[in-house]
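Enquirer: Sending over protein13.cif (mmCIF, C-alpha atoms).
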data_data
#
loop_
_atom_site.label_atom_id
_atom_site.label_comp_id
_atom_site.auth_asym_id
_atom_site.auth_seq_id
_atom_site.Cartn_x
_atom_site.Cartn_y
_atom_site.Cartn_z
CA MET A 1 79.38 38.35 5.38
CA THR A 2 81.85 36.30 3.39
CA PRO A 3 80.30 34.94 0.23
CA GLY A 4 80.64 31.30 -0.68
CA PHE A 5 80.46 30.25 -4.31
CA ASP A 6 79.02 26.92 -5.39
CA ASP A 7 79.53 24.57 -8.32
CA GLY A 8 76.55 26.05 -10.14
CA PHE A 9 78.07 29.54 -9.99
CA ARG A 10 81.49 28.27 -11.05
CA ASP A 11 79.98 26.47 -14.06
CA ARG A 12 78.29 29.69 -15.16
CA LEU A 13 81.46 31.70 -14.56
CA GLU A 14 83.36 29.29 -16.80
CA GLU A 15 80.69 29.75 -19.47
CA LEU A 16 81.08 33.50 -19.11
CA ILE A 17 84.83 33.30 -19.60
CA LEU A 18 84.42 30.92 -22.54
CA TRP A 19 81.77 33.02 -24.29
CA ARG A 20 83.30 36.46 -23.58
CA ARG A 21 84.41 37.26 -27.14
CA ASP A 22 85.84 40.35 -28.80
CA VAL A 23 82.73 41.69 -30.56
CA ARG A 24 82.95 43.78 -33.72
CA ARG A 25 79.38 43.50 -34.98
CA PHE A 26 76.80 45.45 -33.03
CA ARG A 27 73.10 46.11 -33.30
CA GLY A 28 72.31 49.78 -33.39
CA ASP A 29 70.05 50.00 -30.34
CA ALA A 30 71.19 52.13 -27.44
CA VAL A 31 72.68 50.93 -24.17
CA ASP A 32 71.30 52.35 -20.94
CA PRO A 33 73.91 54.84 -19.65
CA ALA A 34 73.20 53.63 -16.10
CA LEU A 35 74.34 50.14 -17.11
CA ILE A 36 77.62 51.47 -18.48
CA GLU A 37 78.19 53.39 -15.25
CA ARG A 38 77.43 50.30 -13.22
CA LEU A 39 79.97 48.29 -15.24
CA ILE A 40 82.59 51.01 -14.80
CA GLY A 41 81.89 50.90 -11.06
CA LEU A 42 82.61 47.17 -11.07
CA ALA A 43 85.78 47.72 -13.10
CA CYS A 44 86.92 50.13 -10.39
CA LEU A 45 86.96 47.19 -7.93
CA SER A 46 89.83 45.62 -9.88
CA PRO A 47 93.29 45.19 -8.38
CA SER A 48 95.66 48.13 -8.79
CA VAL A 49 99.27 48.48 -7.75
CA GLY A 50 99.44 50.18 -4.36
CA ASN A 51 95.68 50.77 -4.67
CA SER A 52 96.60 53.51 -7.15
CA GLN A 53 93.33 53.15 -9.12
CA PRO A 54 94.90 54.87 -12.15
CA TRP A 55 91.98 54.05 -14.49
CA ARG A 56 90.30 57.03 -16.19
CA PHE A 57 87.21 56.36 -18.30
CA VAL A 58 86.26 58.65 -21.18
CA LEU A 59 82.92 58.12 -22.90
CA VAL A 60 83.45 59.28 -26.45
CA GLU A 61 80.18 60.75 -27.72
CA ALA A 62 80.86 63.76 -29.93
CA PRO A 63 80.76 62.90 -33.65
CA ALA A 64 83.96 64.86 -34.27
CA CYS A 65 85.81 62.84 -31.62
CA ARG A 66 84.52 59.54 -32.98
CA GLN A 67 85.48 60.62 -36.48
CA ALA A 68 89.05 61.37 -35.35
CA VAL A 69 89.33 57.92 -33.77
CA ARG A 70 87.89 56.27 -36.88
CA ALA A 71 90.37 58.16 -39.05
CA SER A 72 93.25 56.91 -36.90
CA PHE A 73 91.96 53.35 -37.24
CA VAL A 74 91.62 53.60 -41.03
CA SER A 75 95.11 54.97 -41.40
CA CYS A 76 96.76 52.47 -39.03
CA ASN A 77 94.85 49.56 -40.54
CA SER A 78 95.92 50.52 -44.04
CA ASP A 79 99.55 50.66 -42.89
CA ALA A 80 99.17 47.26 -41.22
CA LEU A 81 97.79 45.64 -44.35
CA HIS A 82 100.98 46.57 -46.16
CA ASP A 83 102.97 44.41 -43.72
CA TYR A 84 101.31 41.29 -45.12
CA HIS A 85 101.70 39.62 -48.49
CA GLY A 86 99.99 36.99 -50.60
CA GLU A 87 97.36 34.84 -48.97
CA ARG A 88 97.83 36.42 -45.53
CA ALA A 89 97.24 39.90 -46.96
CA ARG A 90 94.12 38.61 -48.67
CA VAL A 91 92.78 37.16 -45.40
CA TYR A 92 93.75 40.29 -43.43
CA ALA A 93 91.75 42.43 -45.83
CA THR A 94 88.64 40.32 -45.24
CA LEU A 95 88.76 40.53 -41.43
CA LYS A 96 86.46 42.87 -39.57
CA LEU A 97 88.80 44.38 -37.01
CA SER A 98 86.63 46.96 -35.32
CA GLY A 99 83.03 47.88 -34.64
CA LEU A 100 83.75 51.61 -34.53
CA ASP A 101 81.07 52.39 -37.11
CA GLN A 102 78.20 50.64 -35.35
CA ALA A 103 78.94 50.49 -31.62
CA PRO A 104 76.57 52.75 -29.71
CA VAL A 105 79.11 53.22 -26.90
CA HIS A 106 82.76 54.14 -27.32
CA LEU A 107 84.81 53.98 -24.13
CA ALA A 108 88.44 55.10 -24.08
CA VAL A 109 90.34 53.92 -21.00
CA PHE A 110 93.44 55.80 -19.95
CA CYS A 111 96.09 55.45 -17.26
CA GLU A 112 96.92 58.55 -15.26
CA ARG A 113 100.63 57.82 -15.09
CA GLY A 114 101.43 60.71 -12.77
CA THR A 115 98.83 59.85 -10.16
CA ALA A 116 99.86 60.31 -6.53
CA THR A 117 97.15 57.88 -5.42
CA GLY A 118 98.84 54.86 -3.85
CA HIS A 119 101.93 56.91 -3.02
CA GLY A 120 104.04 54.97 -5.48
CA LEU A 121 103.75 51.73 -3.54
CA GLY A 122 104.66 48.60 -5.50
CA ARG A 123 105.69 50.29 -8.71
CA ARG A 124 109.27 51.32 -8.09
CA THR A 125 110.86 48.40 -9.94
CA MET A 126 107.93 47.59 -12.25
CA PRO A 127 106.33 50.94 -13.09
CA GLU A 128 104.43 49.27 -15.92
CA THR A 129 102.15 47.75 -13.26
CA LEU A 130 100.33 51.07 -13.24
CA ASP A 131 99.26 50.46 -16.85
CA TYR A 132 98.57 46.81 -16.01
CA SER A 133 96.11 47.89 -13.32
CA VAL A 134 94.07 49.61 -16.01
CA VAL A 135 94.12 46.45 -18.13
CA ALA A 136 92.78 44.44 -15.18
CA ALA A 137 89.92 46.94 -14.94
CA VAL A 138 89.19 46.53 -18.65
CA GLN A 139 89.02 42.75 -18.31
CA THR A 140 86.68 43.06 -15.32
CA PHE A 141 84.47 45.47 -17.31
CA TRP A 142 84.48 43.04 -20.23
CA LEU A 143 83.39 39.99 -18.23
CA ALA A 144 80.74 41.95 -16.33
CA ALA A 145 79.39 43.43 -19.59
CA ARG A 146 79.13 39.93 -21.04
CA ALA A 147 77.07 38.81 -18.04
CA TYR A 148 74.50 41.43 -19.12
CA GLY A 149 74.64 40.18 -22.72
CA LEU A 150 76.61 43.21 -23.89
CA GLY A 151 79.44 42.83 -26.38
CA VAL A 152 82.81 44.51 -26.05
CA GLY A 153 85.55 44.89 -28.64
CA TRP A 154 89.04 46.21 -27.93
CA VAL A 155 90.43 48.30 -30.80
CA SER A 156 94.24 48.46 -30.72
CA ILE A 157 94.84 49.46 -34.34
CA LEU A 158 95.09 53.12 -33.35
CA ASP A 159 97.72 55.75 -32.80
CA PRO A 160 97.41 56.18 -29.02
CA VAL A 161 98.88 59.68 -29.03
CA ALA A 162 96.54 60.81 -31.81
CA VAL A 163 93.57 59.47 -29.84
CA ALA A 164 94.67 61.20 -26.62
CA THR A 165 95.09 64.44 -28.55
CA ALA A 166 91.73 64.14 -30.29
CA LEU A 167 90.01 63.55 -26.95
CA ASP A 168 91.92 66.41 -25.31
CA VAL A 169 92.68 64.45 -22.15
CA PRO A 170 95.02 65.82 -19.46
CA ASP A 171 98.78 65.57 -19.95
CA GLY A 172 100.11 62.31 -18.61
CA TRP A 173 97.07 60.24 -19.45
CA ALA A 174 98.15 57.31 -21.64
CA LEU A 175 95.63 55.42 -23.77
CA ILE A 176 95.53 51.81 -22.63
CA SER A 177 92.38 50.56 -24.35
CA TYR A 178 89.69 51.80 -26.73
CA LEU A 179 86.49 49.81 -26.32
CA CYS A 180 83.45 49.51 -28.56
CA VAL A 181 80.41 48.43 -26.55
CA GLY A 182 76.91 47.44 -27.60
CA TRP A 183 74.45 44.61 -28.11
CA PRO A 184 76.06 41.95 -30.31
CA GLU A 185 74.54 41.02 -33.66
CA GLU A 186 75.58 37.41 -33.29
CA GLU A 187 76.98 35.01 -30.69
CA HIS A 188 79.99 32.74 -31.00
CA ALA A 189 81.89 30.46 -28.62
CA ASP A 190 85.06 30.75 -30.71
CA PRO A 191 87.15 33.85 -31.44
CA GLU A 192 86.61 35.73 -34.71
CA LEU A 193 90.27 35.18 -35.66
CA VAL A 194 89.92 31.42 -35.20
CA ARG A 195 86.68 31.32 -37.19
CA HIS A 196 88.20 33.21 -40.08
CA GLY A 197 91.39 31.17 -40.26
CA TRP A 198 93.82 33.79 -38.98
CA GLN A 199 95.06 32.12 -35.79
CA ASP A 200 93.99 28.97 -33.96
CA ARG A 201 93.98 28.49 -30.23
CA LEU A 202 97.10 27.04 -28.63
CA SER A 203 96.95 24.00 -26.38
CA THR A 204 97.14 25.01 -22.73
CA PRO A 205 99.52 22.29 -21.45
CA GLY A 206 102.22 23.61 -23.77
CA LEU A 207 102.00 27.01 -22.08
CA ILE A 208 102.80 25.68 -18.60
CA SER A 209 106.29 24.88 -17.36
CA ARG A 210 107.86 24.17 -13.98
CA ARG A 211 111.03 25.31 -12.30
CA MET B 212 74.12 26.88 -27.31
CA THR B 213 74.38 30.51 -26.35
CA PRO B 214 74.32 30.92 -22.58
CA GLY B 215 72.01 33.43 -20.97
CA PHE B 216 72.91 34.87 -17.61
CA ASP B 217 70.30 35.85 -15.05
CA ASP B 218 70.08 38.37 -12.23
CA GLY B 219 71.08 35.73 -9.69
CA PHE B 220 74.31 35.02 -11.57
CA ARG B 221 75.06 38.71 -12.01
CA ASP B 222 74.59 39.35 -8.29
CA ARG B 223 77.06 36.60 -7.47
CA LEU B 224 79.50 37.86 -10.11
CA GLU B 225 79.39 41.30 -8.52
CA GLU B 226 80.12 39.71 -5.14
CA LEU B 227 83.04 37.88 -6.71
CA ILE B 228 84.46 41.11 -8.12
CA LEU B 229 83.90 42.93 -4.82
CA TRP B 230 85.48 40.20 -2.68
CA ARG B 231 88.39 39.35 -5.01
CA ARG B 232 91.20 40.83 -2.88
CA ASP B 233 94.97 40.76 -3.10
CA VAL B 234 95.78 38.09 -0.51
CA ARG B 235 99.09 38.04 1.36
CA ARG B 236 98.21 35.75 4.26
CA PHE B 237 97.85 32.08 3.37
CA ARG B 238 97.18 28.87 5.23
CA GLY B 239 99.85 26.28 4.66
CA ASP B 240 97.71 23.51 3.19
CA ALA B 241 98.35 22.43 -0.36
CA VAL B 242 96.32 23.32 -3.43
CA ASP B 243 95.36 20.52 -5.81
CA PRO B 244 97.62 20.88 -8.88
CA ALA B 245 94.64 19.94 -11.08
CA LEU B 246 92.79 23.01 -9.82
CA ILE B 247 95.71 25.28 -10.70
CA GLU B 248 95.83 23.77 -14.18
CA ARG B 249 92.10 24.24 -14.57
CA LEU B 250 92.43 27.92 -13.60
CA ILE B 251 95.29 28.40 -16.05
CA GLY B 252 93.11 26.82 -18.73
CA LEU B 253 90.42 29.41 -18.00
CA ALA B 254 93.00 32.21 -18.08
CA CYS B 255 93.97 31.03 -21.56
CA LEU B 256 90.44 31.94 -22.74
CA SER B 257 91.20 35.62 -22.11
CA PRO B 258 91.36 38.14 -24.94
CA SER B 259 94.73 38.56 -26.62
CA VAL B 260 95.79 40.92 -29.35
CA GLY B 261 95.50 39.16 -32.70
CA ASN B 262 94.78 35.96 -30.75
CA SER B 263 98.50 35.92 -29.96
CA GLN B 264 98.02 34.09 -26.63
CA PRO B 265 101.45 35.27 -25.43
CA TRP B 266 100.92 34.09 -21.82
CA ARG B 267 103.50 31.66 -20.46
CA PHE B 268 102.92 30.19 -17.01
CA VAL B 269 105.80 29.03 -14.83
CA LEU B 270 105.04 27.15 -11.62
CA VAL B 271 107.92 27.97 -9.31
CA GLU B 272 108.54 24.95 -7.08
CA ALA B 273 112.26 24.50 -6.46
CA PRO B 274 113.39 25.96 -3.12
CA ALA B 275 116.40 27.63 -4.77
CA CYS B 276 114.15 29.42 -7.27
CA ARG B 277 111.76 30.56 -4.57
CA GLN B 278 114.68 31.75 -2.49
CA ALA B 279 116.00 33.86 -5.38
CA VAL B 280 112.59 35.47 -5.83
CA ARG B 281 112.31 36.12 -2.11
CA ALA B 282 115.78 37.69 -2.09
CA SER B 283 114.75 40.03 -4.92
CA PHE B 284 111.64 41.02 -2.97
CA VAL B 285 113.59 41.71 0.23
CA SER B 286 116.12 43.84 -1.60
CA CYS B 287 113.55 45.81 -3.64
CA ASN B 288 111.31 46.30 -0.61
CA SER B 289 114.19 47.65 1.46
CA ASP B 290 115.03 50.11 -1.34
CA ALA B 291 111.39 51.15 -1.54
CA LEU B 292 111.16 51.83 2.19
CA HIS B 293 113.94 54.39 1.82
CA ASP B 294 111.73 56.41 -0.55
CA TYR B 295 109.36 57.20 2.33
CA HIS B 296 109.86 59.38 5.37
CA GLY B 297 108.22 60.04 8.73
CA GLU B 298 104.75 58.66 9.30
CA ARG B 299 104.47 57.18 5.80
CA ALA B 300 107.71 55.25 6.26
CA ARG B 301 106.41 53.98 9.58
CA VAL B 302 103.15 52.76 7.97
CA TYR B 303 105.00 51.26 4.99
CA ALA B 304 107.18 49.21 7.32
CA THR B 305 104.09 47.74 9.00
CA LEU B 306 102.42 46.61 5.74
CA LYS B 307 102.52 43.00 4.68
CA LEU B 308 103.30 43.29 0.99
CA SER B 309 103.71 39.70 -0.07
CA GLY B 310 102.81 36.16 0.90
CA LEU B 311 105.97 34.68 -0.63
CA ASP B 312 106.90 32.87 2.58
CA GLN B 313 103.61 31.05 3.08
CA ALA B 314 101.92 30.65 -0.29
CA PRO B 315 101.90 27.00 -1.36
CA VAL B 316 101.79 27.94 -5.04
CA HIS B 317 104.04 30.46 -6.78
CA LEU B 318 103.07 31.25 -10.36
CA ALA B 319 105.23 33.50 -12.51
CA VAL B 320 103.45 34.75 -15.63
CA PHE B 321 105.52 35.88 -18.58
CA CYS B 322 104.88 37.39 -21.99
CA GLU B 323 106.64 35.79 -24.95
CA ARG B 324 107.30 39.08 -26.71
CA GLY B 325 108.72 37.49 -29.83
CA THR B 326 105.82 35.14 -30.44
CA ALA B 327 104.76 34.64 -34.05
CA THR B 328 101.31 33.49 -32.91
CA GLY B 329 98.75 36.00 -34.17
CA HIS B 330 101.07 37.10 -36.99
CA GLY B 331 101.51 40.54 -35.43
CA LEU B 332 97.88 41.49 -35.95
CA GLY B 333 96.71 44.46 -33.91
CA ARG B 334 100.01 45.32 -32.27
CA ARG B 335 101.80 47.40 -34.84
CA THR B 336 100.97 50.76 -33.27
CA MET B 337 100.42 49.55 -29.68
CA PRO B 338 102.92 46.71 -29.18
CA GLU B 339 102.31 46.94 -25.44
CA THR B 340 98.97 45.19 -26.05
CA LEU B 341 100.94 41.93 -26.13
CA ASP B 342 101.85 42.47 -22.46
CA TYR B 343 98.31 43.64 -21.76
CA SER B 344 96.95 40.34 -23.06
CA VAL B 345 98.91 38.58 -20.34
CA VAL B 346 97.48 40.94 -17.72
CA ALA B 347 93.95 40.11 -18.88
CA ALA B 348 94.78 36.43 -18.38
CA VAL B 349 96.03 37.15 -14.86
CA GLN B 350 92.81 38.95 -13.98
CA THR B 351 90.73 36.06 -15.34
CA PHE B 352 92.82 33.59 -13.31
CA TRP B 353 92.36 35.76 -10.22
CA LEU B 354 88.58 35.95 -10.45
CA ALA B 355 88.23 32.26 -11.25
CA ALA B 356 90.53 31.34 -8.34
CA ARG B 357 88.39 33.44 -6.02
CA ALA B 358 85.29 31.54 -7.13
CA TYR B 359 86.96 28.41 -5.72
CA GLY B 360 87.80 30.23 -2.49
CA LEU B 361 91.49 30.50 -3.38
CA GLY B 362 93.42 33.67 -2.63
CA VAL B 363 95.81 35.32 -5.06
CA GLY B 364 98.38 38.04 -4.39
CA TRP B 365 100.33 39.89 -7.09
CA VAL B 366 103.90 40.68 -6.03
CA SER B 367 105.35 43.58 -8.03
CA ILE B 368 108.16 44.56 -5.65
CA LEU B 369 110.65 42.51 -7.64
CA ASP B 370 113.41 43.01 -10.17
CA PRO B 371 111.75 41.44 -13.23
CA VAL B 372 115.06 40.72 -14.96
CA ALA B 373 116.49 39.05 -11.85
CA VAL B 374 113.39 36.85 -11.61
CA ALA B 375 113.55 35.87 -15.28
CA THR B 376 117.22 35.02 -14.86
CA ALA B 377 116.65 33.01 -11.66
CA LEU B 378 113.90 31.00 -13.39
CA ASP B 379 116.03 30.51 -16.50
CA VAL B 380 113.20 31.25 -18.90
CA PRO B 381 113.78 31.57 -22.66
CA ASP B 382 115.17 34.83 -24.05
CA GLY B 383 112.41 37.26 -24.87
CA TRP B 384 110.09 36.21 -22.06
CA ALA B 385 109.26 39.28 -19.97
CA LEU B 386 107.92 38.92 -16.43
CA ILE B 387 104.45 40.44 -16.26
CA SER B 388 103.19 39.14 -12.94
CA TYR B 389 104.38 37.05 -10.01
CA LEU B 390 101.45 35.46 -8.18
CA CYS B 391 101.23 33.86 -4.75
CA VAL B 392 98.30 31.46 -4.60
CA GLY B 393 96.79 29.53 -1.70
CA TRP B 394 93.91 29.25 0.74
CA PRO B 395 93.48 32.59 2.52
CA GLU B 396 93.85 32.88 6.28
CA GLU B 397 91.18 35.54 6.50
CA GLU B 398 88.49 37.19 4.38
CA HIS B 399 87.93 40.88 3.78
CA ALA B 400 85.65 42.91 1.55
CA ASP B 401 88.05 45.89 1.62
CA PRO B 402 91.62 46.06 0.29
CA GLU B 403 94.53 45.57 2.70
CA LEU B 404 95.88 49.03 1.82
CA VAL B 405 92.54 50.65 2.70
CA ARG B 406 92.29 48.73 5.95
CA HIS B 407 95.77 49.74 7.03
CA GLY B 408 95.40 53.41 6.17
CA TRP B 409 97.70 53.57 3.16
CA GLN B 410 95.24 54.52 0.42
CA ASP B 411 91.45 54.83 0.37
CA ARG B 412 89.22 54.00 -2.55
CA LEU B 413 88.41 56.79 -5.00
CA SER B 414 84.84 57.69 -5.88
CA THR B 415 83.89 56.22 -9.27
CA PRO B 416 81.96 59.21 -10.71
CA GLY B 417 85.13 61.31 -10.51
CA LEU B 418 86.90 58.82 -12.78
CA ILE B 419 84.40 59.15 -15.66
CA SER B 420 84.41 61.99 -18.16
CA ARG B 421 82.73 62.63 -21.50
CA ARG B 422 83.95 64.04 -24.78
#
Here is the file; what I need is its structure written in the form of structure tokens.
Expert:
Amino acid sequence: MTPGFDDGFRDRLEELILWRRDVRRFRGDAVDPALIERLIGLACLSPSVGNSQPWRFVLVEAPACRQAVRASFVSCNSDALHDYHGERARVYATLKLSGLDQAPVHLAVFCERGTATGHGLGRRTMPETLDYSVVAAVQTFWLAARAYGLGVGWVSILDPVAVATALDVPDGWALISYLCVGWPEEEHADPELVRHGWQDRLSTPGLISRR
Amino acid sequence: MTPGFDDGFRDRLEELILWRRDVRRFRGDAVDPALIERLIGLACLSPSVGNSQPWRFVLVEAPACRQAVRASFVSCNSDALHDYHGERARVYATLKLSGLDQAPVHLAVFCERGTATGHGLGRRTMPETLDYSVVAAVQTFWLAARAYGLGVGWVSILDPVAVATALDVPDGWALISYLCVGWPEEEHADPELVRHGWQDRLSTPGLISRR
């Protein structure tokens, strides 16, 4: 039966979107593996080009694997810091940019670029839509996780090839997103990078034009 | 105040995710422009790398612009059909792959790749995360639209450079997504491409591995 959604649901959905957050500070307590699998199941209902469903989820559990990812982050973050100077470098150095050390769940999300699923439909002229399908799944996972009170942080300060190698994934799997997941230590309505003076929000009307 | 979400909300959210759909069949009646702006405002609360907010929304209204987009679709779709043979070509030709002719709202979503917003944070080693931020915004828009009963269809069978040229957007804006938006003619819990025998859903457990 077709669901109908009411104003009460829409108000809560808007709160969910507003309070989603990129979380980098986690409590140490475990997350039920069944909940993670449920959230991945919801993510798999996301749109994908030609119904290609190219998302591949890797739960990173082995200490050696996590250490390799952390090492990539440390190296890439150190390189990044050298791109900034003066006050901006000072602020950059104070930012907490990942929860890799504390998050009880590490979830690497790959795109199987060679997948035959979907028979190539819809991606002849925009092959990048295969990767985009995986991003849509990540955003679905993120919102659904938030509805359970879980926090999610996307770590992009990584060498994607080094991570794929460390995790020994099949050839042709490209890292799209590395997620830290766990119960958040604190709650905020505003983004970390706004709160710490790195980058304010833009005004929406300025982002809309007409042709 | 921090929102808490309950089981009732989560059940409805799961329905929303399950019933989202890529819609290609629209009724002709108009959509309130204020609703579209509200949905874009929600999309702008999506995660973006370094809080770069690179999403740029273009409402495509002029008949000449819509005609140029439609012409790109027709040409790209004809080329795509020639990639298939036999039974698959026959099925491809029967699929409805866009709602460009009927959708009352056309929304082109671009990434401003040269944006200084966010000061480059987080995208040194994975610059593609700038594009991914725009995809996250599209998925947020899509889910929020669905909560209002609106249908959204993502058209990827387009030449992205031709579309950017036809819409005369600033240099450095890359087309990420072209969306048809309107009130759906029909409702389905399963994807169009499943229903028409193009591609079934995969089983989620097979998409999860551990390291």
Enquirer: Using all atoms listed in the file, can you list as a list of chain:residue names the residues within 9 Å of (90.6, 62.6, -22.8)?
Expert: A:Arg56, A:Phe57, A:Val58, A:Leu59, A:Val60, A:Ala108, A:Val109, A:Phe110, A:Val163, A:Ala164, A:Thr165, A:Ala166, A:Leu167, A:Asp168, A:Val169, A:Pro170, A:Trp173, A:Leu175, B:Ser420, B:Arg421, B:Arg422
Enquirer: So, with all atoms listed in the file as the atoms that count, which of A:Pro160, A:Pro47, A:Gly8, A:Pro33 lies closest to Val349 in chain B?
Expert: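 Selected residue with least distance to Val349 in chain B: A:Pro47.
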Enquirer: Rounded to one decimal in Å, what is the spacing between CA of Glu187 in chain A and CA of Val74 in chain A?
Expert: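 Pair CA of Glu187 in chain A / CA of Val74 in chain A returns 25.8 Å.
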Enquirer: Just how far from CA of His399 in chain B is CA of Ile40 in chain A, in Å to one decimal?
Expert: 21.8 Å
Enquirer: Find the residues near Ser367 in chain B: any atom within 7 Å, counting only C-alpha atoms, skip ones fewer than 2 places away on the same chain, and give them as a list of chain:residue names.
Expert: A:Gly122, A:Arg123, A:Met126, B:Trp365, B:Leu369, B:Ser388, B:Tyr389
Enquirer: Between CA of Leu35 in chain A and CA of Glu15 in chain A, what is the distance in Å, rounded to a tenth?
Expert: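 Interatomic distance, CA of Leu35 in chain A to CA of Glu15 in chain A: 21.5 Å.
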Enquirer: Pick from B:Glu323, B:Arg236, B:Gly360, B:Ala279: nearest to Arg10 in chain A, with all atoms listed in the file counted?
Expert: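 Among the listed residues, the smallest separation from Arg10 in chain A belongs to B:Gly360.
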Enquirer: Closest to Pro214 in chain B among A:Ala136, A:Tyr148, A:Val69, A:Gly172, using all atoms listed in the file?
Expert: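 Nearest to Pro214 in chain B: A:Tyr148.
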Enquirer: For the structure shown, which residues end up in the PyMOL selection byres ((chain A and resi 141) around 9)? Put them as a VMD selection string, please?
Expert: chain A and resid 39 to 44 136 to 140 142 to 146 152
Enquirer: The PyMOL selection byres ((chain A and resi 76-81) around 10) on the file shown: which residues, as a list in words?
Expert: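 Going through the file, the PyMOL selection byres ((chain A and resi 76-81) around 10) ends up selecting Arg70, Ala71, Ser72, Phe73, Val74, Ser75, His82, Asp83, Tyr84, His85, Arg88, Ala89, Arg90, Val91, Tyr92, Ala93, Leu97, Ser156, Ile157, Leu158 and Asp159 of chain A; Gly331, Leu332, Gly333, Arg334, Arg335 and Thr336 of chain B.
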Enquirer: Please output range 230-246 of chain B, rebuilt to include N, CA and C atoms, as a CSV table (one decimal), in the coordinates of the input.
Expert:
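Writing the result to part.csv gives the following:
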chain,number,residue,atom,x,y,z
B,230,TRP,N,84.8,40.9,-3.7
B,230,TRP,CA,85.5,40.2,-2.7
B,230,TRP,C,86.8,39.6,-3.2
B,231,ARG,N,87.2,40.0,-4.4
B,231,ARG,CA,88.4,39.4,-5.0
B,231,ARG,C,89.6,39.4,-4.1
B,232,ARG,N,90.1,40.6,-3.8
B,232,ARG,CA,91.2,40.8,-2.9
B,232,ARG,C,92.6,40.4,-3.4
B,233,ASP,N,93.6,41.2,-3.0
B,233,ASP,CA,95.0,40.8,-3.1
B,233,ASP,C,95.3,40.1,-1.7
B,234,VAL,N,95.6,38.8,-1.8
B,234,VAL,CA,95.8,38.1,-0.5
B,234,VAL,C,97.3,37.9,-0.2
B,235,ARG,N,97.7,38.2,1.0
B,235,ARG,CA,99.1,38.0,1.4
B,235,ARG,C,99.3,37.1,2.6
B,236,ARG,N,98.2,36.6,3.1
B,236,ARG,CA,98.2,35.8,4.3
B,236,ARG,C,97.5,34.4,3.9
B,237,PHE,N,98.4,33.4,3.8
B,237,PHE,CA,97.8,32.1,3.4
B,237,PHE,C,98.0,31.0,4.5
B,238,ARG,N,97.0,30.1,4.4
B,238,ARG,CA,97.2,28.9,5.2
B,238,ARG,C,98.2,28.0,4.5
B,239,GLY,N,98.8,27.1,5.2
B,239,GLY,CA,99.8,26.3,4.7
B,239,GLY,C,99.4,25.1,3.8
B,240,ASP,N,98.1,24.7,3.9
B,240,ASP,CA,97.7,23.5,3.2
B,240,ASP,C,97.8,23.6,1.7
B,241,ALA,N,98.1,22.5,1.1
B,241,ALA,CA,98.4,22.4,-0.4
B,241,ALA,C,97.1,22.7,-1.2
B,242,VAL,N,97.4,23.1,-2.4
B,242,VAL,CA,96.3,23.3,-3.4
B,242,VAL,C,96.5,22.2,-4.5
B,243,ASP,N,95.3,21.6,-4.8
B,243,ASP,CA,95.4,20.5,-5.8
B,243,ASP,C,95.9,21.0,-7.1
B,244,PRO,N,97.0,20.4,-7.6
B,244,PRO,CA,97.6,20.9,-8.9
B,244,PRO,C,96.6,20.9,-10.0
B,245,ALA,N,95.6,20.0,-10.0
B,245,ALA,CA,94.6,19.9,-11.1
B,245,ALA,C,93.8,21.2,-11.1
B,246,LEU,N,93.6,21.8,-9.9
B,246,LEU,CA,92.8,23.0,-9.8
B,246,LEU,C,93.6,24.2,-10.4
